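Encoded as structure tokens, the structure appears first; notes follow it.
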Amino acid sequence: MSNPIEDISRVKSTELFEQAKNYFPGGVNSPVRAFKSVYGSPLFIERGDKAHVWDADGNEFIDFCCSWGPLILGHNNDQVREAVIKQLPNGLSFGAPTQLENKLADLILSNNRFIEKIRFVSSGTEAVMSAIRLARGVTKRDKIIKFEGCYHGHSDSLLVKAGSGLVTFGETSSAGVPKAFADETIVIALDDETALTKAFEDFQGQVAAVIIEGVPANNGLLLQDKSYIQFLRKITKENGTLLIFDEVITGFRLGFEGAANYYDVQPDIITYGKIIGGGMPVGAYGASNEIMSNISPDGAVYQAGTLSGNPIAMAAGIAALTQLAQPGFYEKQEEKTDAFVTEIRNFIAENNFEVKIFSISSIFWFAFTELDAIKKADDIIPASMENYKIMHRELLNRGIYFGPSGYEVGFISAAHTEEDLTKAIASIKEALVEVFKNK
């Protein structure tokens, strides 16, 4: 079914990468972009339109990375682009309130039962950092529980990994994070009620918040049972601990109300990012009126930002979320994604390949495993990433762009056409044949 094909040209991208090494650590401004986990030098992207991107060498790809999720409408969406162009002559930043902030906030809050007030920031990392500070300020406690395999940005308290044992203090996963900061973070495995119960017993009255990705999707797609998330809500309430949903990926991706609606769970604080800026840098956190009243200038928890609510991001976000709020938008996305993954799953089953494709809403993930479910980081076999490296190269050679790491998920946008998906399915089938042909 498949024949080896020549590698795409990367002459210009490789030249640009060599130049970039003179300017940036590792030649990049975010680590995963360096293509360390896959073959070849990173591709330097020149432009994007709809579901397609073009690199510096003129190669065209159907894009399933979608800027790591936020481009649910695809690249260069007409309405988002026009909203940004309309705002540009009026100014880029004022460090002062604008009507656009009100309009975007009203659009979000009017269509989301789970938060009553919101604060805009400039990134998902900033949103989570602020949410953690808010939780500590409200509870007057210091410790945080997070889960191995969940990523919440690069703030000090959350750049930790699990140590050995059922319940452990976090160990720093980055140089420059003081041990004292890591010691305030308790790391446990996902999908383990016993570990969660023990953590609350061991640190009774000390835990300010438990934070979890809405659906863990930064280290594979670790789909959790609804019963586990509901248990998480129950035990946090019993212990006077706030529950934070980090919905930087899942917010406005699973649905307008995100994972909170999917699980039918009311978190205490929710963080957002990515999609609400329509592709511009933005983040937000929200909660009840009571909890948000603790934020300065109303309360004692200080958080500020000159570019928070900047008019370009607000204009882009209004244009994007107005489209997402249309009836049937998410149903169409899920239907499209279900058809995509079902055809690939059938092909995998027919050929008895040792690979699974997990999905939720318009998110999907390939895992080279025999397991029917992967709920914990430890369930992912590092050696299996060698198969992804082959798959990634074969897909690039066929004009399909996936994220440059087997731990990253893929996204389907409203801009992916039936023709795009049909081509991608055929290419994925051929790539999988290449992966398994000598096994």
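Identifiers in this document derive from the order of the structure tokens: chains are assigned A, B, ..., residues are numbered from 1 separately in each chain, and ligands are numbered from 1 in order of occurrence.
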Selection near Leu71 of chain A, 9 Å with only C-alpha atoms, sequence-local residues under 2 positions removed, as a list of chain:residue names: A:Cys65, A:Cys66, A:Ser67, A:Trp68, A:Gly69, A:Leu73, A:Gly74, A:His75, A:Asn77, A:Lys274, A:Ile275, A:Gly278, A:Gly279, A:Phe411, A:Ser413, A:Ala414
Got a sec: who's within 10 Å of Asn351 of chain A, counting only C-alpha atoms, leaving out chain neighbours fewer than 6 positions off, as a PDB file with N, CA, C and O atoms, in the first residue's frame?
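Output saved as around_0.pdb:
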```pdb
ATOM      1  N   ARG A 345      -9.012   4.152  12.906  1.00  0.00           N
ATOM      2  CA  ARG A 345      -9.105   3.013  13.826  1.00  0.00           C
ATOM      3  C   ARG A 345      -9.445   1.729  13.088  1.00  0.00           C
ATOM      4  O   ARG A 345      -8.890   0.658  13.388  1.00  0.00           O
ATOM      5  N   LEU A 432       1.653   4.773   8.666  1.00  0.00           N
ATOM      6  CA  LEU A 432       1.608   3.655   9.611  1.00  0.00           C
ATOM      7  C   LEU A 432       2.159   2.379   8.988  1.00  0.00           C
ATOM      8  O   LEU A 432       2.823   1.585   9.670  1.00  0.00           O
ATOM      9  N   VAL A 433       1.900   2.167   7.711  1.00  0.00           N
ATOM     10  CA  VAL A 433       2.481   1.011   7.028  1.00  0.00           C
ATOM     11  C   VAL A 433       4.007   1.095   7.072  1.00  0.00           C
ATOM     12  O   VAL A 433       4.687   0.092   7.327  1.00  0.00           O
ATOM     13  N   PHE A 436       5.346   0.164  10.590  1.00  0.00           N
ATOM     14  CA  PHE A 436       5.264  -1.239  11.013  1.00  0.00           C
ATOM     15  C   PHE A 436       5.778  -2.231   9.978  1.00  0.00           C
ATOM     16  O   PHE A 436       5.734  -3.444  10.222  1.00  0.00           O
TER      17      PHE A 436
END
```
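Among A:Ile118, A:Val138, A:Lys439, A:Val265, the residue with the shortest atom-to-atom distance to Leu104 of chain A, counting only C-alpha atoms, is A:Ile118.
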Where does segment 190-244 of chain A meet segment 269-272 of chain A within 8 Å, residue by residue, with the nearest atom pair and distance in Å to one decimal for each, counting only C-alpha atoms, listed by chain and rising number, as JSON lines?
```
{"residue": "A:Leu242", "atom": "CA", "partner": "A:Ile269", "partner_atom": "CA", "distance": 7.5}
{"residue": "A:Leu243", "atom": "CA", "partner": "A:Ile269", "partner_atom": "CA", "distance": 6.5}
{"residue": "A:Ile244", "atom": "CA", "partner": "A:Ile269", "partner_atom": "CA", "distance": 4.8}
```
For Tyr302 of chain A: contacts at 9 Å, only C-alpha atoms, fewer than 3 positions along chain excluded, given as JSON, numbers by chain: {"A": [130, 133, 134, 294, 295, 296, 297, 299]}
Filtering to all heavy atoms, could you give me those residues as an mmCIF file, in the first residue's frame?
```
data_model
loop_
_atom_site.group_PDB
_atom_site.id
_atom_site.type_symbol
_atom_site.label_atom_id
_atom_site.label_comp_id
_atom_site.auth_asym_id
_atom_site.auth_seq_id
_atom_site.Cartn_x
_atom_site.Cartn_y
_atom_site.Cartn_z
ATOM 1 N N SER A 130 -1.702 33.098 38.405
ATOM 2 C CA SER A 130 -2.605 33.985 39.134
ATOM 3 C C SER A 130 -3.670 33.193 39.877
ATOM 4 O O SER A 130 -4.053 33.553 41.003
ATOM 5 C CB SER A 130 -3.268 34.958 38.159
ATOM 6 O OG SER A 130 -2.297 35.697 37.441
ATOM 7 N N ARG A 133 -2.150 31.796 43.055
ATOM 8 C CA ARG A 133 -2.023 32.855 44.068
ATOM 9 C C ARG A 133 -3.387 33.180 44.674
ATOM 10 O O ARG A 133 -3.511 33.371 45.881
ATOM 11 C CB ARG A 133 -1.409 34.106 43.439
ATOM 12 C CG ARG A 133 -1.167 35.233 44.454
ATOM 13 C CD ARG A 133 -0.586 36.456 43.773
ATOM 14 N NE ARG A 133 0.660 36.128 43.108
ATOM 15 C CZ ARG A 133 1.189 36.855 42.135
ATOM 16 N NH1 ARG A 133 0.586 37.944 41.706
ATOM 17 N NH2 ARG A 133 2.337 36.498 41.590
ATOM 18 N N LEU A 134 -4.412 33.228 43.832
ATOM 19 C CA LEU A 134 -5.761 33.504 44.324
ATOM 20 C C LEU A 134 -6.217 32.417 45.289
ATOM 21 O O LEU A 134 -6.767 32.719 46.362
ATOM 22 C CB LEU A 134 -6.720 33.600 43.134
ATOM 23 C CG LEU A 134 -8.212 33.765 43.442
ATOM 24 C CD1 LEU A 134 -8.470 34.994 44.303
ATOM 25 C CD2 LEU A 134 -9.016 33.829 42.138
ATOM 26 N N ASN A 294 -11.572 38.686 45.882
ATOM 27 C CA ASN A 294 -10.286 38.714 46.577
ATOM 28 C C ASN A 294 -9.159 39.293 45.729
ATOM 29 O O ASN A 294 -8.055 39.525 46.218
ATOM 30 C CB ASN A 294 -9.905 37.290 47.012
ATOM 31 C CG ASN A 294 -10.789 36.770 48.126
ATOM 32 O OD1 ASN A 294 -10.522 37.003 49.297
ATOM 33 N ND2 ASN A 294 -11.853 36.060 47.758
ATOM 34 N N ILE A 295 -9.433 39.533 44.442
ATOM 35 C CA ILE A 295 -8.408 40.056 43.540
ATOM 36 C C ILE A 295 -8.355 41.576 43.642
ATOM 37 O O ILE A 295 -9.373 42.261 43.650
ATOM 38 C CB ILE A 295 -8.717 39.638 42.081
ATOM 39 C CG1 ILE A 295 -8.589 38.118 41.917
ATOM 40 C CG2 ILE A 295 -7.796 40.340 41.097
ATOM 41 C CD1 ILE A 295 -7.196 37.585 42.041
ATOM 42 N N SER A 296 -7.151 42.109 43.676
ATOM 43 C CA SER A 296 -6.924 43.551 43.686
ATOM 44 C C SER A 296 -7.529 44.181 42.415
ATOM 45 O O SER A 296 -7.451 43.577 41.344
ATOM 46 C CB SER A 296 -5.415 43.819 43.735
ATOM 47 O OG SER A 296 -5.144 45.189 43.711
ATOM 48 N N PRO A 297 -8.197 45.334 42.485
ATOM 49 C CA PRO A 297 -8.218 46.269 43.625
ATOM 50 C C PRO A 297 -9.323 46.015 44.645
ATOM 51 O O PRO A 297 -9.395 46.732 45.641
ATOM 52 C CB PRO A 297 -8.433 47.614 42.937
ATOM 53 C CG PRO A 297 -9.290 47.285 41.759
ATOM 54 C CD PRO A 297 -8.797 45.948 41.276
ATOM 55 N N GLY A 299 -9.703 43.183 46.468
ATOM 56 C CA GLY A 299 -9.205 42.401 47.587
ATOM 57 C C GLY A 299 -7.700 42.472 47.713
ATOM 58 O O GLY A 299 -7.031 43.287 47.071
#
```
Hey, which bits of segment 188-268 of chain A sit within 8 Å of segment 318-342 of chain A, and for each residue what's the closest pair of atoms and how far apart in Å (one decimal), counting only C-alpha atoms, rows by chain and increasing number, as a Markdown table?
```
| residue | atom | partner | partner_atom | distance |
| --- | --- | --- | --- | --- |
| A:Phe252 | CA | A:Leu324 | CA | 7.7 |
| A:Leu254 | CA | A:Tyr330 | CA | 7.5 |
| A:Gly255 | CA | A:Tyr330 | CA | 6.0 |
| A:Phe256 | CA | A:Ala325 | CA | 6.8 |
```
A:His392, A:Phe347, A:Ile229, A:Ile108 ranked by distance to Gly286 of chain A, top pick (using only C-alpha atoms):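 Nearest candidate to Gly286 of chain A out of A:His392, A:Phe347, A:Ile229, A:Ile108: A:Ile108.
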